[in-house]
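Below: the structure, in structure tokens.
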Amino acid sequence: MDNKLNRRDFFKKSVGGASAALLGGALLGHRLEAALAGGGRRPDIAVVTGTDYLKSAMKAVDLLGGMKSFIPRNSRVAILPNVQSHHPGTFTKPEIVRAVVRMCREAGAAEINCLSWLPAKYWSAAGLDAALKEEGAVLKIVDLKDESLFKPISLPKGKALREARIMKELLSHHCFIDMPITKDHAGNKFTGTMKNLMGINSPQTNRIFHSGDKTKPDDIDHLDQCIADLNLAIRPTLCVVDATEIITTNGPFGPGEIITPRKVVAGTDRVAIDSYCATLRGLRGEDIKMIKKGYEHGLGEIDLAKVRIKEVAA
């Protein structure tokens, strides 16, 4: 597979080509040549702090070269916010979702779909269904009980997970934007860009990520390895992370204690982004086994000293 699919190639590809672009290697739009236009090097990670979360999300993507650097005109875009609960600090803010959908529209996307196997009530309770509808995106709920709606993807380099089962609906899109909220998790203590991809994998497969007691070290190690392995299957075009308010206890569902960094974090390197978000809770990437295992898979850079990070106020 050619890992350097560019904008010109996009227009030569059919929907079947979109499926090929999503699997395994680089996704369409990942570090496109346009991201380097205008001279100078764009940051690897853009961090914007402020209370206007829609503005912060837009500014973070602008620092990376703008949404047009990632989303070609007439492309079909899939987005994956996190909406496991309605408690504060547990779901991606509607304002951030609005910003991403709006930027995709302005970039010329033909279609923007929010994909999930979680019931519609979750999206309604968090106010995300209204944000999607008002911005012109479609919420597509995949029947989690119908395994025919998920495509088996072999993971020859997987250490614990040898096969992912990815939503077929995702594979009909050209671009994929990963939109987690970073927060606590009862098992591995961290949710971010890598763990959020469990939301496009079959729930039946996700069950084997837990080998027994979720609090035991062996189970946590197995969970983290499975998540790192899953990330070998799909590489997001772009990640936009909600780090505005973070639940630090009783995650991922809450309610629990909350800190409020008021940050939106954007980039393409999942390992680097998750490592940065870990620092917001006084941790390092090396402290989270999932992040370390992602680094060992070659998914990104764990040493933030080697990452170009641009932090600004909204």
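By order in the structure tokens, chains are A, B, ...; within a chain, residues start at 1; ligands start at 1, following the order shown.
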Nearby residues (only C-alpha atoms) at most 6 Å from Cys226 of chain A, same-chain spacing under 4 positions excluded, as a ChimeraX atom specification: /A:160-161,209
Selected residues written out, N, CA and C atoms, as a compact mmCIF listing (two decimals), in the first residue's frame:
```txt
# COMPACT_ATOMS: atom_id res chain seq x y z
N ALA A 160 -1.56 -9.00 21.28
CA ALA A 160 -2.66 -9.60 22.03
C ALA A 160 -3.91 -9.72 21.17
N LEU A 161 -4.09 -8.77 20.26
CA LEU A 161 -5.25 -8.75 19.36
C LEU A 161 -4.78 -9.06 17.95
N PHE A 209 -10.92 -7.49 25.25
CA PHE A 209 -9.86 -6.61 25.72
C PHE A 209 -9.66 -6.76 27.23
```
Near-Lys289 of chain A list (8 Å; only C-alpha atoms; drop same-chain fewer than 6 positions) as a PyMOL selection string: chain A and resi 188+221+224-225
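Our summary of the geometry notes that atom CA of Ala233 of chain A is positioned 16.7 Å from atom CA of Gln204 of chain A.
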Pick from A:Lys168, A:Arg270, A:Lys55, A:Arg98, whichever lies nearest to Glu134 of chain A using only C-alpha atoms: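 Once distances to Glu134 of chain A are computed over only C-alpha atoms, the minimum belongs to A:Arg98.
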Closest of A:His210, A:Lys189, A:Lys183, A:Lys310 to Pro88 of chain A - atom-to-atom distances counting only C-alpha atoms: A:Lys183
10 Å contact set for Leu170 of chain A, only C-alpha atoms, chain neighbours under 6 positions out, as a list in words: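 Residues near the query, excluding close chain neighbours: Ala18, Ser19, Leu22, Arg76, Val77, Ala78, Ile79, Leu80, Asn113, Cys114, Leu115, Ser116, Phe150, Lys151, Phe176 and Ile200 of chain A.
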Please produce a file of those selected residues containing C-alpha atoms, as a short mmCIF file (atom, residue, chain, number, x, y, z; two decimals), in the first residue's frame.
```
data_model
loop_
_atom_site.label_atom_id
_atom_site.label_comp_id
_atom_site.auth_asym_id
_atom_site.auth_seq_id
_atom_site.Cartn_x
_atom_site.Cartn_y
_atom_site.Cartn_z
CA ALA A 18 -11.43 5.12 0.43
CA SER A 19 -11.61 1.79 2.20
CA LEU A 22 -8.39 3.89 5.81
CA ARG A 76 -16.77 11.88 2.85
CA VAL A 77 -15.68 12.50 6.44
CA ALA A 78 -16.35 10.32 9.48
CA ILE A 79 -15.99 11.71 12.99
CA LEU A 80 -15.83 9.89 16.33
CA ASN A 113 -21.10 11.50 9.39
CA CYS A 114 -20.76 10.84 13.10
CA LEU A 115 -20.49 7.07 13.55
CA SER A 116 -21.32 5.13 16.68
CA PHE A 150 -18.16 -4.98 11.02
CA LYS A 151 -15.26 -5.92 8.75
CA PHE A 176 -11.59 10.04 9.72
CA ILE A 200 -15.30 1.99 15.84
#
```
Considering only C-alpha atoms, return as a PDB file with N, CA and C atoms, in the first residue's frame whatever protein or nucleic-acid residues lie within 10 Å of Leu280 of chain A, sequence-local ones (same chain, fewer than 6 positions apart) excluded.
```pdb
ATOM      1  N   THR A 182     -10.146  13.433  26.833  1.00  0.00           N
ATOM      2  CA  THR A 182      -9.173  12.727  27.651  1.00  0.00           C
ATOM      3  C   THR A 182      -9.683  12.708  29.088  1.00  0.00           C
ATOM      4  N   ALA A 243      -9.781  18.579  26.054  1.00  0.00           N
ATOM      5  CA  ALA A 243      -9.105  18.571  27.358  1.00  0.00           C
ATOM      6  C   ALA A 243      -9.542  19.812  28.124  1.00  0.00           C
ATOM      7  N   ILE A 246     -11.683  17.588  32.705  1.00  0.00           N
ATOM      8  CA  ILE A 246     -11.273  16.185  32.707  1.00  0.00           C
ATOM      9  C   ILE A 246     -11.702  15.517  33.999  1.00  0.00           C
ATOM     10  N   ILE A 259     -10.840  18.323  36.887  1.00  0.00           N
ATOM     11  CA  ILE A 259      -9.925  19.443  36.712  1.00  0.00           C
ATOM     12  C   ILE A 259     -10.306  20.152  35.412  1.00  0.00           C
ATOM     13  N   THR A 260      -9.934  21.417  35.292  1.00  0.00           N
ATOM     14  CA  THR A 260     -10.382  22.193  34.130  1.00  0.00           C
ATOM     15  C   THR A 260      -9.202  22.873  33.426  1.00  0.00           C
ATOM     16  N   PRO A 261      -8.438  22.126  32.642  1.00  0.00           N
ATOM     17  CA  PRO A 261      -7.343  22.744  31.877  1.00  0.00           C
ATOM     18  C   PRO A 261      -7.822  23.714  30.805  1.00  0.00           C
ATOM     19  N   LYS A 263      -8.382  23.243  27.632  1.00  0.00           N
ATOM     20  CA  LYS A 263      -7.539  23.130  26.444  1.00  0.00           C
ATOM     21  C   LYS A 263      -8.199  22.268  25.376  1.00  0.00           C
TER      22      LYS A 263
END
```
9 Å contact set for Lys195 of chain A, only C-alpha atoms, chain neighbours under 2 positions out, as an MDAnalysis selection string: chainID A and resid 180 190:193 197:199 224 227:228 230:231 290
Convert the current residue selection to file output with C-alpha atoms, as a PDB file, in the first residue's frame.
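Output saved as selection09.pdb:
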```pdb
ATOM      1  CA  PRO A 180     -12.033  11.894  22.232  1.00  0.00           C
ATOM      2  CA  PHE A 190      -6.322   6.983  30.778  1.00  0.00           C
ATOM      3  CA  THR A 191      -8.611   7.608  27.820  1.00  0.00           C
ATOM      4  CA  GLY A 192      -7.411   9.509  24.769  1.00  0.00           C
ATOM      5  CA  THR A 193      -6.967   9.214  21.024  1.00  0.00           C
ATOM      6  CA  LEU A 197     -10.825   3.821  18.568  1.00  0.00           C
ATOM      7  CA  MET A 198     -12.643   1.134  20.552  1.00  0.00           C
ATOM      8  CA  GLY A 199     -15.682   3.128  19.449  1.00  0.00           C
ATOM      9  CA  ASP A 224      -3.531  -1.711  26.948  1.00  0.00           C
ATOM     10  CA  ILE A 227      -5.804  -1.035  22.371  1.00  0.00           C
ATOM     11  CA  ALA A 228      -2.324  -0.496  20.944  1.00  0.00           C
ATOM     12  CA  LEU A 230      -6.242  -2.058  17.470  1.00  0.00           C
ATOM     13  CA  ASN A 231      -4.553   1.202  16.510  1.00  0.00           C
ATOM     14  CA  MET A 290      -1.157   1.789  26.420  1.00  0.00           C
TER      15      MET A 290
END
```
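Residue nearest Ala313 of chain A, chosen from A:Asp44, A:Asp52, A:Asp229, A:Glu106 and counting only C-alpha atoms: A:Asp52.
In this model, the gap between atom CA of Leu54 of chain A and atom CA of Ala99 of chain A comes to 5.2 Å.
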